[in-house]
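Asker: Right, I'll just put the structure down here and ask away after.
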Amino acid sequence: MSSDEAFVIRVLAALKSAKLEAIVVGNVAAILQGVPVTTQDLDLLIRDTPRNHEKIADFGRALGARARKISPTTRVLRIDAPAGTVDLLFDTLSGDLTFESIRSRAVRLRLGREHAVVARLEDVIASKEAADRPKDRAQLPALRDTLRVRRALDATAKPRKR
């Protein structure tokens with residue numbers, strides 16, 4: 001197991017311990033579905049509620065760090081844990097993708113003994129298209145190619161009706 005995989009599993013265990021419902025989004029969501037990209041952090045989408053803010057404190061403690069605002073102009077919180085960085089995004093992603101809509105389409109993946117709720121590639125792509133940052137535009141070809149390959153593989157795996 002790589003240190004990156006171990007970090008993701010540790011984050012999932014900390015989420016479970018804090019009872020904080022979160023969806024893995026961004027490049028880690030893509031990586032978990034086979035997209036050959038890299039990232040420097042793990043992005044989680046959560047609901048912006050008073051109770052979740054209490055749980056965020058527990059989540060941070062489980063990771064050995066505290067959540068902090070990354071900028072006065074954003075609601076994003078960052079946890080700089082010893083093993084990696086987690087960014088907490090609230091309620092929506094670029095492209096007006098809501099927590100509820102992403103969760104309704106999300107895939108559930110097992111990693112070690114943990115489970116992750118992961119945004120589908122279609123939602124990762126839609127969010128990066130809407131954000132339209134240079135780093136997102138650079139990753140879109142790999143995201144789209146992987147989605148095409150996955151769809152082609154799914155189509156060939158399904159039995160044909162006669």
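Here's how to read the names in the structure tokens: chain A, B, ... by the order shown, residue numbers from 1 in each chain, ligand numbers from 1 in the order shown.
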As a PDB file with N, CA, C and O atoms, in the first residue's frame, which residues of chain A does DSSP assign to strand (DSSP E or B)?
Answerer:
ATOM      1  N   ILE A  23     -18.292  13.498   0.835  1.00  0.00           N
ATOM      2  CA  ILE A  23     -18.118  12.911  -0.490  1.00  0.00           C
ATOM      3  C   ILE A  23     -16.718  13.280  -0.973  1.00  0.00           C
ATOM      4  O   ILE A  23     -16.334  14.452  -0.940  1.00  0.00           O
ATOM      5  N   VAL A  24     -15.968  12.277  -1.412  1.00  0.00           N
ATOM      6  CA  VAL A  24     -14.658  12.532  -1.996  1.00  0.00           C
ATOM      7  C   VAL A  24     -14.888  13.120  -3.382  1.00  0.00           C
ATOM      8  O   VAL A  24     -15.594  12.537  -4.209  1.00  0.00           O
ATOM      9  N   VAL A  25     -14.321  14.290  -3.627  1.00  0.00           N
ATOM     10  CA  VAL A  25     -14.485  14.980  -4.907  1.00  0.00           C
ATOM     11  C   VAL A  25     -13.098  15.337  -5.450  1.00  0.00           C
ATOM     12  O   VAL A  25     -12.085  15.022  -4.846  1.00  0.00           O
ATOM     13  N   LEU A  42      -6.628  16.230  -0.698  1.00  0.00           N
ATOM     14  CA  LEU A  42      -7.846  15.440  -0.804  1.00  0.00           C
ATOM     15  C   LEU A  42      -9.008  16.391  -0.544  1.00  0.00           C
ATOM     16  O   LEU A  42      -9.045  17.026   0.520  1.00  0.00           O
ATOM     17  N   ASP A  43      -9.912  16.521  -1.502  1.00  0.00           N
ATOM     18  CA  ASP A  43     -11.064  17.411  -1.368  1.00  0.00           C
ATOM     19  C   ASP A  43     -12.281  16.618  -0.918  1.00  0.00           C
ATOM     20  O   ASP A  43     -12.604  15.582  -1.511  1.00  0.00           O
ATOM     21  N   LEU A  44     -12.954  17.132   0.110  1.00  0.00           N
ATOM     22  CA  LEU A  44     -14.177  16.528   0.611  1.00  0.00           C
ATOM     23  C   LEU A  44     -15.298  17.548   0.549  1.00  0.00           C
ATOM     24  O   LEU A  44     -15.111  18.707   0.925  1.00  0.00           O
ATOM     25  N   LEU A  45     -16.449  17.115   0.086  1.00  0.00           N
ATOM     26  CA  LEU A  45     -17.638  17.964   0.061  1.00  0.00           C
ATOM     27  C   LEU A  45     -18.524  17.556   1.222  1.00  0.00           C
ATOM     28  O   LEU A  45     -18.842  16.367   1.376  1.00  0.00           O
ATOM     29  N   ILE A  46     -18.894  18.540   2.048  1.00  0.00           N
ATOM     30  CA  ILE A  46     -19.760  18.266   3.188  1.00  0.00           C
ATOM     31  C   ILE A  46     -20.867  19.313   3.244  1.00  0.00           C
ATOM     32  O   ILE A  46     -20.797  20.351   2.567  1.00  0.00           O
ATOM     33  N   ALA A  67      -8.712  22.382  11.601  1.00  0.00           N
ATOM     34  CA  ALA A  67      -9.194  23.027  10.379  1.00  0.00           C
ATOM     35  C   ALA A  67      -8.987  24.533  10.492  1.00  0.00           C
ATOM     36  O   ALA A  67      -9.156  25.116  11.559  1.00  0.00           O
ATOM     37  N   ARG A  68      -8.610  25.127   9.360  1.00  0.00           N
ATOM     38  CA  ARG A  68      -8.440  26.584   9.310  1.00  0.00           C
ATOM     39  C   ARG A  68      -8.947  27.081   7.970  1.00  0.00           C
ATOM     40  O   ARG A  68      -8.948  26.352   6.988  1.00  0.00           O
ATOM     41  N   LYS A  69      -9.381  28.347   7.948  1.00  0.00           N
ATOM     42  CA  LYS A  69      -9.779  28.956   6.677  1.00  0.00           C
ATOM     43  C   LYS A  69      -8.530  29.177   5.835  1.00  0.00           C
ATOM     44  O   LYS A  69      -7.499  29.596   6.356  1.00  0.00           O
ATOM     45  N   LEU A  77     -12.261  25.170   4.191  1.00  0.00           N
ATOM     46  CA  LEU A  77     -11.393  24.926   5.332  1.00  0.00           C
ATOM     47  C   LEU A  77     -10.307  23.938   4.921  1.00  0.00           C
ATOM     48  O   LEU A  77     -10.543  23.058   4.091  1.00  0.00           O
ATOM     49  N   ARG A  78      -9.145  24.082   5.514  1.00  0.00           N
ATOM     50  CA  ARG A  78      -8.027  23.182   5.209  1.00  0.00           C
ATOM     51  C   ARG A  78      -7.529  22.565   6.506  1.00  0.00           C
ATOM     52  O   ARG A  78      -7.397  23.234   7.524  1.00  0.00           O
ATOM     53  N   ILE A  79      -7.226  21.285   6.410  1.00  0.00           N
ATOM     54  CA  ILE A  79      -6.593  20.572   7.508  1.00  0.00           C
ATOM     55  C   ILE A  79      -5.236  20.099   7.000  1.00  0.00           C
ATOM     56  O   ILE A  79      -5.163  19.294   6.071  1.00  0.00           O
ATOM     57  N   ASP A  80      -4.178  20.645   7.575  1.00  0.00           N
ATOM     58  CA  ASP A  80      -2.824  20.249   7.209  1.00  0.00           C
ATOM     59  C   ASP A  80      -2.370  19.169   8.182  1.00  0.00           C
ATOM     60  O   ASP A  80      -1.687  19.447   9.171  1.00  0.00           O
ATOM     61  N   ALA A  81      -2.778  17.941   7.886  1.00  0.00           N
ATOM     62  CA  ALA A  81      -2.431  16.807   8.731  1.00  0.00           C
ATOM     63  C   ALA A  81      -0.977  16.418   8.461  1.00  0.00           C
ATOM     64  O   ALA A  81      -0.434  16.728   7.403  1.00  0.00           O
ATOM     65  N   GLY A  84      -0.774  14.570   5.119  1.00  0.00           N
ATOM     66  CA  GLY A  84      -1.321  15.164   3.903  1.00  0.00           C
ATOM     67  C   GLY A  84      -2.325  16.257   4.209  1.00  0.00           C
ATOM     68  O   GLY A  84      -2.644  16.523   5.367  1.00  0.00           O
ATOM     69  N   THR A  85      -2.834  16.868   3.154  1.00  0.00           N
ATOM     70  CA  THR A  85      -3.750  17.998   3.277  1.00  0.00           C
ATOM     71  C   THR A  85      -5.157  17.598   2.849  1.00  0.00           C
ATOM     72  O   THR A  85      -5.339  16.923   1.829  1.00  0.00           O
ATOM     73  N   VAL A  86      -6.135  18.040   3.636  1.00  0.00           N
ATOM     74  CA  VAL A  86      -7.543  17.820   3.322  1.00  0.00           C
ATOM     75  C   VAL A  86      -8.210  19.186   3.210  1.00  0.00           C
ATOM     76  O   VAL A  86      -8.076  20.018   4.107  1.00  0.00           O
ATOM     77  N   ASP A  87      -8.901  19.413   2.086  1.00  0.00           N
ATOM     78  CA  ASP A  87      -9.702  20.623   1.925  1.00  0.00           C
ATOM     79  C   ASP A  87     -11.170  20.257   2.078  1.00  0.00           C
ATOM     80  O   ASP A  87     -11.642  19.297   1.462  1.00  0.00           O
ATOM     81  N   LEU A  88     -11.881  21.027   2.899  1.00  0.00           N
ATOM     82  CA  LEU A  88     -13.305  20.812   3.140  1.00  0.00           C
ATOM     83  C   LEU A  88     -14.093  21.876   2.391  1.00  0.00           C
ATOM     84  O   LEU A  88     -13.946  23.072   2.649  1.00  0.00           O
ATOM     85  N   LEU A  89     -14.898  21.431   1.455  1.00  0.00           N
ATOM     86  CA  LEU A  89     -15.742  22.300   0.645  1.00  0.00           C
ATOM     87  C   LEU A  89     -17.174  22.146   1.141  1.00  0.00           C
ATOM     88  O   LEU A  89     -17.574  21.058   1.558  1.00  0.00           O
ATOM     89  N   PHE A  90     -17.948  23.203   1.065  1.00  0.00           N
ATOM     90  CA  PHE A  90     -19.277  23.181   1.652  1.00  0.00           C
ATOM     91  C   PHE A  90     -20.393  23.290   0.619  1.00  0.00           C
ATOM     92  O   PHE A  90     -20.405  24.230  -0.195  1.00  0.00           O
ATOM     93  N   THR A  92     -21.737  22.982  -2.245  1.00  0.00           N
ATOM     94  CA  THR A  92     -21.776  22.963  -3.713  1.00  0.00           C
ATOM     95  C   THR A  92     -20.362  22.972  -4.289  1.00  0.00           C
ATOM     96  O   THR A  92     -19.415  23.399  -3.643  1.00  0.00           O
ATOM     97  N   LEU A  93     -20.292  22.505  -5.527  1.00  0.00           N
ATOM     98  CA  LEU A  93     -19.064  22.607  -6.321  1.00  0.00           C
ATOM     99  C   LEU A  93     -19.342  23.496  -7.517  1.00  0.00           C
ATOM    100  O   LEU A  93     -20.508  23.731  -7.866  1.00  0.00           O
ATOM    101  N   LEU A  97     -23.248  22.151  -8.732  1.00  0.00           N
ATOM    102  CA  LEU A  97     -23.427  20.765  -8.309  1.00  0.00           C
ATOM    103  C   LEU A  97     -23.602  20.758  -6.794  1.00  0.00           C
ATOM    104  O   LEU A  97     -22.711  21.184  -6.063  1.00  0.00           O
ATOM    105  N   THR A  98     -24.739  20.290  -6.333  1.00  0.00           N
ATOM    106  CA  THR A  98     -25.027  20.304  -4.903  1.00  0.00           C
ATOM    107  C   THR A  98     -24.593  19.002  -4.237  1.00  0.00           C
ATOM    108  O   THR A  98     -24.436  17.963  -4.893  1.00  0.00           O
ATOM    109  N   VAL A 107     -20.520   6.928  -6.307  1.00  0.00           N
ATOM    110  CA  VAL A 107     -20.189   5.506  -6.211  1.00  0.00           C
ATOM    111  C   VAL A 107     -19.607   5.257  -4.825  1.00  0.00           C
ATOM    112  O   VAL A 107     -19.020   6.152  -4.211  1.00  0.00           O
ATOM    113  N   ARG A 108     -19.806   4.055  -4.349  1.00  0.00           N
ATOM    114  CA  ARG A 108     -19.264   3.667  -3.043  1.00  0.00           C
ATOM    115  C   ARG A 108     -18.121   2.691  -3.311  1.00  0.00           C
ATOM    116  O   ARG A 108     -18.330   1.655  -3.942  1.00  0.00           O
ATOM    117  N   LEU A 109     -16.938   3.053  -2.847  1.00  0.00           N
ATOM    118  CA  LEU A 109     -15.748   2.242  -3.089  1.00  0.00           C
ATOM    119  C   LEU A 109     -15.154   1.777  -1.765  1.00  0.00           C
ATOM    120  O   LEU A 109     -15.143   2.523  -0.783  1.00  0.00           O
ATOM    121  N   ARG A 110     -14.654   0.568  -1.773  1.00  0.00           N
ATOM    122  CA  ARG A 110     -13.981   0.040  -0.587  1.00  0.00           C
ATOM    123  C   ARG A 110     -12.477   0.268  -0.724  1.00  0.00           C
ATOM    124  O   ARG A 110     -11.887  -0.039  -1.762  1.00  0.00           O
ATOM    125  N   LEU A 111     -11.885   0.798   0.336  1.00  0.00           N
ATOM    126  CA  LEU A 111     -10.436   0.991   0.399  1.00  0.00           C
ATOM    127  C   LEU A 111      -9.976   0.396   1.718  1.00  0.00           C
ATOM    128  O   LEU A 111     -10.307   0.921   2.781  1.00  0.00           O
ATOM    129  N   GLU A 114     -12.152   0.453   4.940  1.00  0.00           N
ATOM    130  CA  GLU A 114     -13.032   1.624   4.913  1.00  0.00           C
ATOM    131  C   GLU A 114     -13.813   1.694   3.611  1.00  0.00           C
ATOM    132  O   GLU A 114     -13.474   1.040   2.631  1.00  0.00           O
ATOM    133  N   HIS A 115     -14.854   2.519   3.641  1.00  0.00           N
ATOM    134  CA  HIS A 115     -15.657   2.778   2.443  1.00  0.00           C
ATOM    135  C   HIS A 115     -15.649   4.275   2.170  1.00  0.00           C
ATOM    136  O   HIS A 115     -15.695   5.071   3.106  1.00  0.00           O
ATOM    137  N   ALA A 116     -15.629   4.615   0.900  1.00  0.00           N
ATOM    138  CA  ALA A 116     -15.654   6.022   0.493  1.00  0.00           C
ATOM    139  C   ALA A 116     -16.844   6.264  -0.407  1.00  0.00           C
ATOM    140  O   ALA A 116     -17.146   5.452  -1.286  1.00  0.00           O
ATOM    141  N   VAL A 117     -17.511   7.371  -0.196  1.00  0.00           N
ATOM    142  CA  VAL A 117     -18.532   7.853  -1.116  1.00  0.00           C
ATOM    143  C   VAL A 117     -17.793   8.808  -2.046  1.00  0.00           C
ATOM    144  O   VAL A 117     -17.210   9.799  -1.593  1.00  0.00           O
ATOM    145  N   VAL A 118     -17.800   8.497  -3.351  1.00  0.00           N
ATOM    146  CA  VAL A 118     -16.936   9.173  -4.309  1.00  0.00           C
ATOM    147  C   VAL A 118     -17.768   9.756  -5.447  1.00  0.00           C
ATOM    148  O   VAL A 118     -18.603   9.053  -6.036  1.00  0.00           O
TER     149      VAL A 118
END
Asker: If we count only C-alpha atoms and set the cut-off at 9 Å, which residues sit around Val8 (chain A), ignoring sequence neighbours fewer than 3 positions away in its own chain? Please answer as a PyMOL selection string.
Answerer: chain A and resi 3-5+11-13+28+42+111
Asker: Quick one: everything within 7 Å of Leu63 (chain A), counting only C-alpha atoms, minus sequence neighbours fewer than 3 positions away in the same chain. Send it as number ranges by chain.
Answerer: A: 14, 59-60, 81
Asker: Write out as a PyMOL selection string which residues come within 12 Å of region 125-134 of chain A when counting only C-alpha atoms, dropping same-chain ones fewer than 4 positions away.
Answerer: chain A and resi 25-27+29-30+35+92-98+102+119-121+138-147
Asker: Can you list, as a list in words, every protein, DNA or RNA residue that comes within 10 Å of Glu100 (chain A) when you count only C-alpha atoms, leaving out same-chain residues fewer than 4 positions away?
Answerer: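 My list of contacting residues is Ile46, Arg47, Asp91, Thr92, Ser104, Arg105 and Ala106 of chain A.
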